[in-house]
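> Input structure: data-v9.pdb, which contains PDB, C-alpha atoms.
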ATOM      1  CA  MET A  18      14.601 169.298  81.831
ATOM      2  CA  ALA A  19      12.821 166.515  83.695
ATOM      3  CA  ILE A  20      13.544 164.127  80.888
ATOM      4  CA  VAL A  21      17.236 165.035  80.941
ATOM      5  CA  LEU A  22      17.442 164.626  84.712
ATOM      6  CA  ASN A  23      15.827 161.210  84.596
ATOM      7  CA  LEU A  24      18.286 160.026  81.916
ATOM      8  CA  PHE A  25      21.191 161.270  84.020
ATOM      9  CA  LEU A  26      20.028 159.364  87.130
ATOM     10  CA  ALA A  27      19.456 156.188  85.132
ATOM     11  CA  LEU A  28      22.978 156.400  83.744
ATOM     12  CA  MET A  29      24.475 156.801  87.224
ATOM     13  CA  VAL A  30      22.618 153.741  88.534
ATOM     14  CA  PHE A  31      23.777 151.686  85.567
ATOM     15  CA  MET A  32      27.468 152.632  86.019
ATOM     16  CA  TYR A  33      27.847 152.220  89.803
ATOM     17  CA  GLY A  34      25.159 149.769  90.782
ATOM     18  CA  PHE A  35      26.759 146.692  89.073
ATOM     19  CA  GLY A  36      30.538 147.210  89.666
ATOM     20  CA  GLY A  37      30.576 147.783  93.429
ATOM     21  CA  SER A  38      30.381 144.169  94.444
ATOM     22  CA  SER A  39      33.412 143.187  92.374
ATOM     23  CA  VAL A  40      35.563 145.722  94.209
ATOM     24  CA  THR A  41      34.447 145.142  97.802
ATOM     25  CA  GLU A  42      34.228 141.358  97.637
ATOM     26  CA  PRO A  43      37.346 139.864  95.973
ATOM     27  CA  PRO A  44      37.256 136.126  95.226
ATOM     28  CA  PRO A  45      38.584 134.013  98.143
ATOM     29  CA  THR A  46      42.104 132.601  97.865
ATOM     30  CA  THR A  47      42.316 128.873  98.575
ATOM     31  CA  SER A  48      46.107 128.507  98.721
ATOM     32  CA  ASP A  49      49.238 130.506  99.434
ATOM     33  CA  PRO A  50      52.032 129.814  96.858
ATOM     34  CA  LEU A  51      54.765 131.086  99.211
ATOM     35  CA  THR A  52      53.602 128.799 101.989
ATOM     36  CA  GLN A  53      53.501 125.833  99.650
ATOM     37  CA  THR A  54      56.934 126.592  98.302
ATOM     38  CA  THR A  55      58.411 126.989 101.779
ATOM     39  CA  THR A  56      56.834 123.749 102.969
ATOM     40  CA  ALA A  57      58.160 121.876  99.981
ATOM     41  CA  GLU A  58      61.642 123.266 100.476
ATOM     42  CA  THR A  59      61.823 122.486 104.200
ATOM     43  CA  SER A  60      60.072 119.098 104.211
ATOM     44  CA  PRO A  61      62.221 116.620 106.177
ATOM     45  CA  SER A  62      60.981 113.734 104.082
ATOM     46  CA  GLN A  63      62.885 114.932 101.048
ATOM     47  CA  THR A  64      66.450 113.592 100.553
ATOM     48  CA  PRO A  65      69.007 115.923  98.997
ATOM     49  CA  PRO A  66      69.967 114.691  95.535
ATOM     50  CA  GLY A  67      73.222 112.705  95.394
ATOM     51  CA  SER A  68      73.423 111.771  99.084
ATOM     52  CA  LYS A  69      73.203 108.018  98.412
ATOM     53  CA  GLU A  70      75.938 108.144  95.838
ATOM     54  CA  VAL A  71      78.287 109.880  98.304
ATOM     55  CA  VAL A  72      77.732 107.175 100.938
ATOM     56  CA  GLU A  73      78.312 104.379  98.459
ATOM     57  CA  THR A  74      81.575 105.828  97.167
ATOM     58  CA  GLU A  75      83.145 106.471 100.611
ATOM     59  CA  PRO A  76      85.021 103.103 100.824
ATOM     60  CA  LYS A  77      86.469 103.617  97.377
ATOM     61  CA  ALA A  78      87.399 107.154  98.257
ATOM     62  CA  GLU A  79      89.238 105.898 101.362
ATOM     63  CA  ALA A  80      91.060 103.268  99.305
ATOM     64  CA  ASP A  81      92.112 105.893  96.795
ATOM     65  CA  LYS A  82      93.818 107.832  99.601
ATOM     66  CA  ILE A  83      96.460 105.093 100.016
ATOM     67  CA  SER A  84      99.567 106.343  98.283
ATOM     68  CA  PRO A  85     101.616 104.197  95.871
ATOM     69  CA  GLU A  86     104.486 104.234  98.387
ATOM     70  CA  PHE A  87     102.272 102.784 101.115
ATOM     71  CA  ARG A  88     101.044 100.056  98.761
ATOM     72  CA  ALA A  89     104.612  99.213  97.727
ATOM     73  CA  ALA A  90     105.753  99.086 101.354
ATOM     74  CA  ALA A  91     102.920  96.711 102.254
ATOM     75  CA  HIS A  92     103.836  94.436  99.354
ATOM     76  CA  ARG A  93     107.527  94.437 100.285
ATOM     77  CA  ALA A  94     106.701  93.710 103.929
ATOM     78  CA  SER A  95     104.687  90.633 102.949
ATOM     79  CA  ILE A  96     107.633  89.369 100.891
ATOM     80  CA  TYR A  97     110.083  89.886 103.758
ATOM     81  CA  GLU A  98     107.866  88.032 106.225
ATOM     82  CA  ALA A  99     107.412  85.133 103.820
ATOM     83  CA  LYS A 100     111.152  84.859 103.188
ATOM     84  CA  PHE A 101     112.676  85.684 106.580
ATOM     85  CA  PHE A 102     111.782  85.058 110.237
ATOM     86  CA  LEU A 103     111.741  88.694 111.300
ATOM     87  CA  SER A 104     110.639  90.459 114.426
ATOM     88  CA  LYS A 105     108.397  93.494 114.098
ATOM     89  CA  GLN A 106     111.295  95.849 114.768
ATOM     90  CA  ALA A 107     113.606  94.037 112.355
ATOM     91  CA  LEU A 108     110.935  94.209 109.668
ATOM     92  CA  TYR A 109     110.468  97.927 110.257
ATOM     93  CA  ASP A 110     114.220  98.544 110.112
ATOM     94  CA  LYS A 111     114.499  96.553 106.904
ATOM     95  CA  LEU A 112     111.734  98.568 105.257
ATOM     96  CA  THR A 113     113.246 101.922 106.204
ATOM     97  CA  SER A 114     116.896 101.019 105.567
ATOM     98  CA  GLU A 115     118.473 102.937 102.705
ATOM     99  CA  TYR A 116     120.114  99.672 101.639
ATOM    100  CA  GLU A 117     116.828  97.723 101.624
ATOM    101  CA  GLY A 118     113.307  99.103 101.208
ATOM    102  CA  ASN A 119     114.216 102.778 101.685
ATOM    103  CA  PHE A 120     110.595 103.585 102.519
ATOM    104  CA  SER A 121     109.460 106.487 104.662
ATOM    105  CA  HIS A 122     108.719 105.868 108.341
ATOM    106  CA  GLU A 123     105.029 106.495 107.702
ATOM    107  CA  ALA A 124     104.904 103.916 104.916
ATOM    108  CA  ALA A 125     106.795 101.382 107.051
ATOM    109  CA  ASP A 126     104.398 101.921 109.955
ATOM    110  CA  TYR A 127     101.448 101.351 107.640
ATOM    111  CA  ALA A 128     102.956  98.174 106.168
ATOM    112  CA  VAL A 129     103.918  96.645 109.515
ATOM    113  CA  ASP A 130     100.551  97.377 111.099
ATOM    114  CA  LEU A 131      98.761  95.882 108.110
ATOM    115  CA  LEU A 132     100.399  92.466 108.522
ATOM    116  CA  ASP A 133      98.782  89.748 110.608
ATOM    117  CA  VAL A 134     101.856  88.042 112.055
ATOM    118  CA  ASN A 135     102.482  85.987 115.193
ATOM    119  CA  TYR A 136     105.913  87.289 116.145
ATOM    120  CA  SER A 137     106.328  84.714 118.892
ATOM    121  CA  GLU A 138     106.188  82.037 116.208
ATOM    122  CA  MET A 139     108.649  84.049 114.157
ATOM    123  CA  ALA A 140     110.990  84.045 117.152
ATOM    124  CA  LEU A 141     110.666  80.276 117.429
ATOM    125  CA  GLN A 142     111.468  79.725 113.764
ATOM    126  CA  SER A 143     114.391  82.114 114.011
ATOM    127  CA  ALA A 144     115.695  80.264 117.081
ATOM    128  CA  ARG A 145     115.640  76.974 115.208
ATOM    129  CA  LEU A 146     117.578  78.539 112.366
ATOM    130  CA  PHE A 147     120.216  79.970 114.721
ATOM    131  CA  CYS A 148     120.669  76.600 116.388
ATOM    132  CA  ASP A 149     121.118  74.825 113.074
ATOM    133  CA  GLU A 150     123.652  77.283 111.730
ATOM    134  CA  MET A 151     125.521  78.575 114.795
ATOM    135  CA  ASN A 152     125.455  75.852 117.521
ATOM    136  CA  LEU A 153     124.373  78.322 120.181
ATOM    137  CA  SER A 154     123.812  77.703 123.858
ATOM    138  CA  ARG A 155     120.511  78.696 125.405
ATOM    139  CA  GLU A 156     122.038  81.861 126.840
ATOM    140  CA  LYS A 157     123.693  82.895 123.579
ATOM    141  CA  LEU A 158     120.513  82.102 121.694
ATOM    142  CA  ARG A 159     118.574  84.432 123.977
ATOM    143  CA  GLU A 160     121.108  87.179 123.377
ATOM    144  CA  GLN A 161     120.976  86.661 119.638
ATOM    145  CA  LEU A 162     117.189  86.761 119.461
ATOM    146  CA  SER A 163     116.797  89.886 121.600
ATOM    147  CA  SER A 164     119.899  91.815 120.546
ATOM    148  CA  PRO A 165     119.388  95.152 118.735
ATOM    149  CA  TYR A 166     122.024  93.869 116.329
ATOM    150  CA  GLY A 167     120.357  90.472 115.987
ATOM    151  CA  GLY A 168     116.750  89.322 115.987
ATOM    152  CA  LYS A 169     115.310  92.322 117.892
ATOM    153  CA  PHE A 170     112.482  90.232 119.325
ATOM    154  CA  LEU A 171     110.653  91.237 122.484
ATOM    155  CA  SER A 172     111.508  89.445 125.734
ATOM    156  CA  GLU A 173     108.140  87.663 125.859
ATOM    157  CA  GLU A 174     108.606  86.472 122.279
ATOM    158  CA  VAL A 175     112.055  85.140 123.139
ATOM    159  CA  ASP A 176     110.693  83.388 126.235
ATOM    160  CA  TYR A 177     108.066  81.693 124.090
ATOM    161  CA  ALA A 178     110.653  80.570 121.550
ATOM    162  CA  LEU A 179     112.949  79.044 124.176
ATOM    163  CA  GLU A 180     110.052  77.282 125.893
ATOM    164  CA  GLN A 181     108.811  75.755 122.656
ATOM    165  CA  LEU A 182     112.215  74.947 121.197
ATOM    166  CA  ASP A 183     112.885  71.227 121.002
ATOM    167  CA  VAL A 184     116.680  71.172 120.990
ATOM    168  CA  ASP A 185     119.282  69.118 122.844
ATOM    169  CA  PHE A 186     121.776  71.749 123.959
ATOM    170  CA  ARG A 187     124.243  69.038 124.943
ATOM    171  CA  GLU A 188     124.494  68.076 121.286
ATOM    172  CA  LEU A 189     124.908  71.712 120.333
ATOM    173  CA  ALA A 190     127.735  71.989 122.892
ATOM    174  CA  LEU A 191     129.397  68.957 121.323
ATOM    175  CA  ARG A 192     129.154  70.447 117.840
ATOM    176  CA  ALA A 193     130.473  73.783 119.074
ATOM    177  CA  ALA A 194     133.377  72.061 120.855
ATOM    178  CA  GLN A 195     134.283  70.105 117.725
ATOM    179  CA  ALA A 196     134.342  73.246 115.605
ATOM    180  CA  TYR A 197     136.449  75.077 118.207
ATOM    181  CA  VAL A 198     138.976  72.227 118.393
ATOM    182  CA  ASN A 199     139.304  72.106 114.609
ATOM    183  CA  GLU A 200     140.031  75.834 114.541
ATOM    184  CA  ARG A 201     142.079  76.477 117.709
ATOM    185  CA  HIS A 202     143.403  73.067 118.870
ATOM    186  CA  PRO A 203     143.013  73.982 122.583
ATOM    187  CA  SER A 204     143.821  71.793 125.558
ATOM    188  CA  LYS A 205     140.980  69.954 127.267
ATOM    189  CA  ASP A 206     140.916  72.441 130.145
ATOM    190  CA  ALA A 207     140.992  75.427 127.782
ATOM    191  CA  LEU A 208     138.188  73.914 125.755
ATOM    192  CA  TYR A 209     136.097  73.390 128.866
ATOM    193  CA  ASP A 210     136.698  76.975 130.008
ATOM    194  CA  TRP A 211     135.661  78.303 126.614
ATOM    195  CA  LEU A 212     132.504  76.207 126.591
ATOM    196  CA  ILE A 213     131.243  77.540 129.925
ATOM    197  CA  SER A 214     132.609  81.106 129.725
ATOM    198  CA  GLU A 215     130.162  83.979 129.217
ATOM    199  CA  ARG A 216     132.606  85.411 126.699
ATOM    200  CA  GLY A 217     132.792  82.029 125.047
ATOM    201  CA  ALA A 218     129.974  79.626 124.223
ATOM    202  CA  ALA A 219     128.125  80.065 127.558
ATOM    203  CA  PHE A 220     126.950  76.449 127.838
ATOM    204  CA  THR A 221     126.159  74.984 131.225
ATOM    205  CA  SER A 222     128.784  72.884 132.993
ATOM    206  CA  GLU A 223     126.701  69.768 132.356
ATOM    207  CA  GLU A 224     126.496  70.494 128.649
ATOM    208  CA  ALA A 225     130.232  71.239 128.484
ATOM    209  CA  GLN A 226     131.095  68.008 130.291
ATOM    210  CA  TYR A 227     128.915  66.044 127.898
ATOM    211  CA  ALA A 228     130.763  67.626 124.972
ATOM    212  CA  LEU A 229     134.186  66.696 126.352
ATOM    213  CA  GLU A 230     133.098  63.133 126.995
ATOM    214  CA  HIS A 231     131.765  62.634 123.459
ATOM    215  CA  LEU A 232     134.371  64.612 121.550
ATOM    216  CA  ASN A 233     136.249  62.623 118.907
TER     217      ASN A 233
END
Mind turning this structure into structure tokens?

Amino acid sequence: MAIVLNLFLALMVFMYGFGGSSVTEPPPTTSDPLTQTTTAETSPSQTPPGSKEVVETEPKAEADKISPEFRAAAHRASIYEAKFFLSKQALYDKLTSEYEGNFSHEAADYAVDLLDVNYSEMALQSARLFCDEMNLSREKLREQLSSPYGGKFLSEEVDYALEQLDVDFRELALRAAQAYVNERHPSKDALYDWLISERGAAFTSEEAQYALEHLN
């Protein structure tokens, strides 16, 4: 019995004496995978993929937003300004007219705003053209340039045009008088009245007198 008891005690020591340390003392962990993953995901130094490409393509994306109608209106506006001496309002009306450009108001606004035009200079060029073709007095020229049925220029643009215009209105009065005589054959007094009348040519009395004195 003593021999059996000794064998039993030796077996118990062998089984439990060597395995206890492995259970009570687990190997130390040097890193936490969750913490590493979270740090990597929230690191401010990382740039989200594709962000650079989005920034670089923004200008092209903005350009692609311009509709074909807007592009066509801008092209037509540049042609009109190169061919005619138009005010901003006259250009807009021409673009939106059903007999001309027939563009939408939005497209016309875009086209007009896109142009780099000195409308005071346009008024000056238009004034020169009116004087060459219509023999207008200064007062009638002002009306023609600013009229909603004429040039549609702003008052400051008209003022600039008349200040810069190098025209002898006495000669224009003479040409207007000659044309009126050829058409109506008026008396000298009737011709003078027509030349200075607001409903007529609206020249000054000095300009009208010059015309009568030099009339053939």
> Which residue, A:Met151, A:Lys169, A:Tyr227, A:Ala89, has the smallest gap to Tyr109 in chain A when you use all atoms listed in the file?
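Looking only at the distances to Tyr109 in chain A, the closest residue turns out to be A:Lys169.
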> Applied to the shown file, which residues does the PyMOL selection byres ((chain A and resi 155) around 9) return, written as a list in words?
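Evaluating the PyMOL selection byres ((chain A and resi 155) around 9) on this file yields Leu153, Ser154, Glu156, Lys157, Leu158, Arg159, Glu160, Leu179, Phe186, Ala219, Phe220 and Thr221 of chain A.
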> Neighbouring residues of Glu230 in chain A were defined as those with any atom within 9 Å, considering only C-alpha atoms; residues of the same chain fewer than 4 positions away were excluded. Please report them as JSON, numbers by chain.
{"A": [191, 225, 226]}
> Got a sec: who's within 10 Å of Asp149 in chain A, counting all atoms listed in the file, leaving out chain neighbours fewer than 5 positions off, as a PyMOL selection string?
chain A and resi 143-144+184+189
> Using only C-alpha atoms, find the one residue out of A:Leu108, A:Leu182, A:Ala207, A:Ala190 that sits nearest to Ser222 in chain A.
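Distance minimum relative to Ser222 in chain A lands on A:Ala190.
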> Leaving out Leu208 in chain A and any residue of its chain fewer than 6 positions from it, which residues lie within 8 Å of it when counting all atoms listed in the file, given as a list in words?
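That gives Ala194, Tyr197 and Val198 of chain A.
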> Quick one: write out the picked residues with C-alpha atoms as a compact mmCIF listing (two decimals), in the frame of the given file?

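See out-v2.txt below for the written result:
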# COMPACT_ATOMS: atom_id res chain seq x y z
CA ALA A 194 133.38 72.06 120.86
CA TYR A 197 136.45 75.08 118.21
CA VAL A 198 138.98 72.23 118.39
> Specify as a PyMOL selection string each residue included when the PyMOL selection byres ((chain A and resi 175) around 10) is applied to this file.
chain A and resi 136-141+143-144+158-163+168-174+176-181
> Would you mind reading off the distance between CA of Ala91 in chain A and CA of Leu112 in chain A, one decimal, in Å?
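Straight-line distance from CA of Ala91 in chain A to CA of Leu112 in chain A works out to 9.5 Å.
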> So the first atom is CA of Ala218 in chain A and the second is CA of Asp185 in chain A; what is the distance between them in Å, to one decimal place?
15.1 Å
> May I ask for the distance between CA of Lys82 in chain A and CA of Glu98 in chain A, given in Å to one decimal place?
25.2 Å
> So for range 174-192 of chain A, what box centre and size do we get, axis-aligned, 4 Å extra on each of the six sides, every listed atom, Å to one decimal, as JSON?

{"center_x": 118.7, "center_y": 77.3, "center_z": 122.0, "size_x": 29.3, "size_y": 26.4, "size_z": 16.4}
> Tell me which of A:Glu215, A:Asp133, A:Glu86, A:Asp210 sits closest to Asn119 in chain A, counting all atoms listed in the file.
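Under the stated criterion, the closest residue is A:Glu86.
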> Measuring atom to atom with only C-alpha atoms, identify which of A:Glu123, A:Glu223, A:Glu188, A:Asn135 is nearest to Asn152 in chain A.
A:Glu188
> Which residue gives the smallest distance to Ala124 in chain A among A:Arg145, A:Lys100, A:Arg88, A:Lys105, with all atoms listed in the file counted?
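Looking at the shortest contact to Ala124 in chain A, the residue is A:Arg88.
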> Considering only C-alpha atoms, can you say which of A:Leu131, A:Tyr166, A:Leu229, A:Asp183 comes closest to Gln195 in chain A?
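Closest candidate: A:Leu229.
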